[in-house]
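Encoded as C-alpha cells, the structure appears first; notes follow it.
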Amino acid sequence: MHLTKEEEQIFNGEFGEGIQKAMELLVAIGDAYDAERLIPITRAHAASSGQEGDMYFVELLAKGGASCRVPTTTNPVYDMEYFHNIFEIPEKEADVARRVKEGYKQIGAILSWCCTPYLTENIPLYGEHVAFSESSATPYVNSVIGARTNREAAQSALAAGVIGKTPKYGLHLKENRKGTLLVKVEATLKDEFDYTLLGQYVGKQIGYGIPVFTGISRRPATEEFINLCAMLNTSGAVPMFHIPGFTVETQTVEDAFQGDVREDKITVTDKELKQTHEELQGASGKIDFVMLGCPHYTLKQVEEAARLLRGKKIHDDVSFWVCTSATAKFLAERNGYVDIIEKAGGHVVPDTCIDEPCWHPYRHKIGVTDSPKCAYYRRFREAVVIRLKDCVEAAIKGEWG
Amino acid sequence: MGGYGEGEALVSHEAICFYLTDPKTGVIREKGHELEGRSIAKKVLVFPSGKASSVVQIDGLFKLASNNVAPKAMIVKDVETVLVVSAFIAKVPLVDRLEKEPFEVIGTGDFVKVDADRREVTII
C-alpha cells in the first residue's frame, strides 16, 4: 500500500508508539486486501466489549499517547454502579471493565457505551466514508444511511478513528456494493419481530453476502431496520443489503445488482418465518428473567414496554431488564416511562450489553427475550425468543406458554 | 500480518473459530469440527477462513496467545478484516495468496517455516 510522507512517518514511530500501532494495523489490513492507499474517514464506532483482547489494544494505543482524530463512539460494557448495588461482580472482571472504560476515555473516544450510535450519538451522512464495527451498526450505516464502511472489528475501527483514515478496499468502492443474491419475500411482515425472524433466517441461509430484497411493500420502520440489520449480521456475516426503493442507494433491482442481476435466489414465505420462530421458542414453563434491548431499545421501544406494563405487577420470581442507551434513558425518565417500568418491578439500565459478566447470576436460569442475538451469546441456560408483548405477559404470569 | 514462525503443520478444511478452543490448551472444542479434540497450540495452522463475530474471534486468539498456546503461524485461503486483526493482536504471523494451493502441498505433520514478511512458506 502506498503511504504519504506523513503516513510513513507515523508508521515509523515518529509521532509516538500508540499512533504507530494503529497505523501498523491499518497497513496489515490494507496489504491483506491489496488496497492502493488510505482514504480519510469522518467518524468511527468501536465495538468495545470489555474483554481482555479489547483492553489490551485500547491500552496499547492510549498508553502510547494516541488519541482519536475523528469522532469515535464506544459500544456498551456495563453500568458498574448500577450492577454493583444488585449483584456481586468478581474483582478481576470488574477490573477489566474499569480499565477498558478508562482506556477509551484516555484515547478521547466519545463514551456513548451504546450499540446503536447511528441513531443519536454518531450519525453518518449519505456517502460519508466511516469505520463502524458492531453487528447492527455496519449494515445500518451502509444500507439505511448510505454511508460506506467495511465490516470492521472493534480494533480496526478504533485504529481508523485514531488515524482518521482507513484502507481503500471492500465496501468503500462502489463496485463492491452490488447485490450478490436475490431474496424474494412472500411472507407478511407485520411488525419488528417479523424483521428479526427474516434477518435470522436469511443470514443463516447465505452466510456472507449482500442480499437484495424484493416483495417488501411497506417502508420498514427504524426499529424494523435495526432488527433486520442485527440478525443478518449475527446469524450471517452480512455487511450490507438493498431493499430497492427503501434503502437509499437503489431504486430498482437492476440498480442494486449494478446491472449484473444474479440468478441465485432464496424465497421467504410465512412458513420459513414460522419455522425460524419455532426453532427459537424452546420449552414452556416457569421463567426467571426477561431480557430486552439487544440491540439497545430505542426510546419508542422503551415507551412500548412501559405502555404494556402500566398499572401491572411483574411476578416476584422474575427480574425484568430493559437495556438502552444513556440518551434514550434520559428521555425515557423525562417522559415518565422509566417510572412506569420501575413501579411494575422492572429495571431500565443504560450503557450495558447482554454479553457481559454482570449477568452471571442468570447463568443457570431460564428466561425470555425478543432477540435471538441475546439468546445466541449463551450467557443463560436458556433464553426463549418471543414477541415483546408475550415477554411482558410472561413477566406478569411468571411463566411462558 | 508479518513475522516469522515455524512448527508442525495442522491442516483444517473447515473454518476455525478461536473462541471454540480451550483457552488454556488450544484444543478445539467445537462439536462436529473435523479437528475436534486436536490442539492448535504451537502449530502452523492451515485453514480456509475464520468465522464468528469479531469480538469472540479476536478475544479467542488473544486468550490463546496470553496462555502461550496460540499457533506459531497461520496460512489461510480467504483472509478478512477480523482475521487480520486477530493475528495482529495475538502477534501470530499470517499469510495468504500463496503461489501454490496450500491444501495441496502441505499435510498435517509436515514441518513448515513461515516468513510472513516475505510471504514465503518452506516445507522441510
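So you can find residues: chains in the C-alpha cells are A, B, ... in the order shown, residues in each start at 1, and ligands are numbered from 1 in order.
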
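Once B:Ala52 and its same-chain neighbours fewer than 3 positions away are set aside, Asn233, Thr234, Ser235, Gly236 and Ala237 of chain A; Ala15, Ile16, Cys17, Phe18, Tyr19, Leu20, Val55, Val56, Gln57, Ile58 and Val82 of chain B remain within 10 Å of it when counting only C-alpha atoms.
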
Item to check | Residues of chain B within 12 Å of chain A, counting only C-alpha atoms, as a ChimeraX atom specification | outcome: /B:1-3,19,50-66,76-91,93-97,116-117,119

Residues from last step as file, C-alpha atoms, as a CSV table (one decimal), in the first residue's frame:
```
chain,number,residue,atom,x,y,z
B,1,MET,CA,0.5,-9.5,9.3
B,2,GLY,CA,4.2,-10.0,9.4
B,3,GLY,CA,6.7,-12.0,11.5
B,19,TYR,CA,-13.4,-18.9,20.7
B,50,GLY,CA,-12.1,-17.6,10.1
B,51,LYS,CA,-15.7,-17.4,11.3
B,52,ALA,CA,-18.0,-16.0,14.0
B,53,SER,CA,-18.3,-12.4,15.4
B,54,SER,CA,-15.3,-10.1,15.6
B,55,VAL,CA,-15.4,-9.9,19.4
B,56,VAL,CA,-15.3,-13.6,20.1
B,57,GLN,CA,-12.8,-14.3,17.3
B,58,ILE,CA,-10.3,-11.7,18.4
B,59,ASP,CA,-10.7,-12.4,22.1
B,60,GLY,CA,-10.4,-16.1,21.4
B,61,LEU,CA,-7.0,-15.9,19.7
B,62,PHE,CA,-5.8,-13.3,22.2
B,63,LYS,CA,-6.5,-15.6,25.1
B,64,LEU,CA,-4.6,-18.5,23.4
B,65,ALA,CA,-1.7,-16.1,22.9
B,66,SER,CA,-1.8,-14.9,26.5
B,76,VAL,CA,-5.2,-19.1,5.2
B,77,LYS,CA,-7.1,-19.1,1.9
B,78,ASP,CA,-9.6,-16.3,2.4
B,79,VAL,CA,-8.4,-13.5,4.6
B,80,GLU,CA,-10.8,-10.9,6.0
B,81,THR,CA,-10.5,-7.9,8.3
B,82,VAL,CA,-11.3,-9.8,11.6
B,83,LEU,CA,-8.7,-12.4,10.9
B,84,VAL,CA,-6.0,-9.8,10.2
B,85,VAL,CA,-6.9,-8.0,13.4
B,86,SER,CA,-6.9,-11.3,15.4
B,87,ALA,CA,-3.4,-12.1,14.1
B,88,PHE,CA,-2.2,-8.6,14.8
B,89,ILE,CA,-3.4,-8.5,18.4
B,90,ALA,CA,-2.1,-12.0,19.2
B,91,LYS,CA,1.2,-11.4,17.2
B,93,PRO,CA,2.3,-14.4,11.5
B,94,LEU,CA,-0.4,-14.7,8.9
B,95,VAL,CA,0.0,-15.4,5.1
B,96,ASP,CA,-2.5,-15.8,2.3
B,97,ARG,CA,-2.5,-15.8,-1.5
B,116,ALA,CA,5.2,-13.6,6.7
B,117,ASP,CA,7.3,-10.5,5.9
B,119,ARG,CA,5.2,-14.1,2.2
```

Checklist entry - If you run DSSP on the backbone, which residues of stretch 140-373 of chain A are strand (DSSP E), as a VMD selection string? => result chain A and resid 165 to 167 181 to 185 211 to 214 265 to 268 285 to 286 289 to 297 319 to 324 347 to 350 366 to 369

6 Å contact set for stretch 302-318 of chain A, only C-alpha atoms, chain neighbours under 5 positions out, as an mmCIF file with N, CA and C atoms, in the first residue's frame:
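Everything below was put into out.cif:
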```cif
data_model
loop_
_atom_site.group_PDB
_atom_site.id
_atom_site.type_symbol
_atom_site.label_atom_id
_atom_site.label_comp_id
_atom_site.auth_asym_id
_atom_site.auth_seq_id
_atom_site.Cartn_x
_atom_site.Cartn_y
_atom_site.Cartn_z
ATOM 1 N N ASP A 288 -37.230 -17.072 34.957
ATOM 2 C CA ASP A 288 -36.540 -16.302 35.996
ATOM 3 C C ASP A 288 -36.294 -14.857 35.577
ATOM 4 N N PHE A 289 -36.206 -14.634 34.267
ATOM 5 C CA PHE A 289 -35.886 -13.266 33.832
ATOM 6 C C PHE A 289 -36.496 -12.943 32.466
ATOM 7 N N TYR A 337 -41.544 7.068 31.371
ATOM 8 C CA TYR A 337 -41.579 5.634 31.026
ATOM 9 C C TYR A 337 -40.809 4.798 32.051
ATOM 10 N N ILE A 340 -42.822 4.128 35.153
ATOM 11 C CA ILE A 340 -43.860 3.097 34.979
ATOM 12 C C ILE A 340 -43.237 1.700 35.064
ATOM 13 N N ILE A 341 -42.094 1.523 34.372
ATOM 14 C CA ILE A 341 -41.442 0.198 34.355
ATOM 15 C C ILE A 341 -40.929 -0.151 35.753
ATOM 16 N N ALA A 344 -43.667 -1.175 38.121
ATOM 17 C CA ALA A 344 -44.128 -2.542 37.854
ATOM 18 C C ALA A 344 -43.119 -3.577 38.355
ATOM 19 N N GLY A 345 -41.931 -3.101 38.746
ATOM 20 C CA GLY A 345 -40.913 -4.010 39.274
ATOM 21 C C GLY A 345 -39.770 -4.290 38.308
ATOM 22 N N ALA A 395 -43.713 -12.142 31.984
ATOM 23 C CA ALA A 395 -43.153 -11.492 33.170
ATOM 24 C C ALA A 395 -44.214 -11.371 34.264
ATOM 25 N N ILE A 396 -45.425 -11.058 33.868
ATOM 26 C CA ILE A 396 -46.505 -10.870 34.837
ATOM 27 C C ILE A 396 -46.948 -12.220 35.421
ATOM 28 N N GLY A 398 -45.155 -15.033 35.372
ATOM 29 C CA GLY A 398 -44.049 -15.811 35.927
ATOM 30 C C GLY A 398 -43.755 -17.059 35.125
#
```

Name the residues of stretch 3-76 of chain B that fall into alpha helix (DSSP H) according to DSSP on the backbone, using the chain letters and numbers of this document, as a PDB file with C-alpha atoms, in the first residue's frame.
```
ATOM      1  CA  SER B  54     -15.301 -10.141  15.575  1.00  0.00           C
ATOM      2  CA  VAL B  55     -15.433  -9.871  19.359  1.00  0.00           C
ATOM      3  CA  VAL B  56     -15.291 -13.598  20.072  1.00  0.00           C
ATOM      4  CA  GLN B  57     -12.785 -14.350  17.301  1.00  0.00           C
ATOM      5  CA  ILE B  58     -10.276 -11.716  18.421  1.00  0.00           C
ATOM      6  CA  ASP B  59     -10.677 -12.366  22.127  1.00  0.00           C
ATOM      7  CA  GLY B  60     -10.403 -16.107  21.449  1.00  0.00           C
ATOM      8  CA  LEU B  61      -6.991 -15.879  19.736  1.00  0.00           C
ATOM      9  CA  PHE B  62      -5.795 -13.258  22.223  1.00  0.00           C
ATOM     10  CA  LYS B  63      -6.540 -15.610  25.137  1.00  0.00           C
ATOM     11  CA  LEU B  64      -4.647 -18.460  23.423  1.00  0.00           C
ATOM     12  CA  ALA B  65      -1.668 -16.130  22.911  1.00  0.00           C
ATOM     13  CA  SER B  66      -1.790 -14.943  26.547  1.00  0.00           C
TER      14      SER B  66
END
```

Tell me which protein, DNA and RNA residues are within 7 Å of A:Tyr126, counting only C-alpha atoms, leaving out same-chain ones fewer than 5 positions away, and put them as a PDB file with C-alpha atoms, in the first residue's frame.
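Produced file around.pdb, reproduced below:
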```
ATOM      1  CA  ILE A 145     -27.989   5.666   5.547  1.00  0.00           C
ATOM      2  CA  GLY A 146     -25.791   5.008   2.512  1.00  0.00           C
ATOM      3  CA  ALA A 147     -22.511   5.803   4.264  1.00  0.00           C
TER       4      ALA A 147
END
```

Next on the checklist: For a test of reading the model, state the distance in Å between atom CA of B:Lys42 and atom CA of A:Gly64, rounded to one decimal.
Outcome noted: 29.6 Å

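Distance annotation: of A:Thr120, A:Lys373, A:Leu158, A:Lys397, the residue with the minimal separation from A:Leu299 is A:Thr120; atom set is only C-alpha atoms.
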
Write out as a PDB file with C-alpha atoms, in the first residue's frame each polymer residue whose atoms come within 9 Å of B:Phe111, counting only C-alpha atoms; drop sequence neighbours fewer than 5 positions from it.
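So the final result, stored in selection.pdb, reads:
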```pdb
ATOM      1  CA  GLU B   6       7.793 -22.434  12.364  1.00  0.00           C
ATOM      2  CA  GLY B   7       6.378 -25.721  13.541  1.00  0.00           C
ATOM      3  CA  GLU B   8       4.376 -28.775  12.711  1.00  0.00           C
ATOM      4  CA  ALA B   9       1.531 -28.188  10.276  1.00  0.00           C
ATOM      5  CA  VAL B  44       1.400 -23.903  11.832  1.00  0.00           C
ATOM      6  CA  THR B 122       9.068 -23.510   3.263  1.00  0.00           C
ATOM      7  CA  ILE B 123       8.183 -27.161   3.764  1.00  0.00           C
ATOM      8  CA  ILE B 124      11.047 -29.196   5.215  1.00  0.00           C
TER       9      ILE B 124
END
```
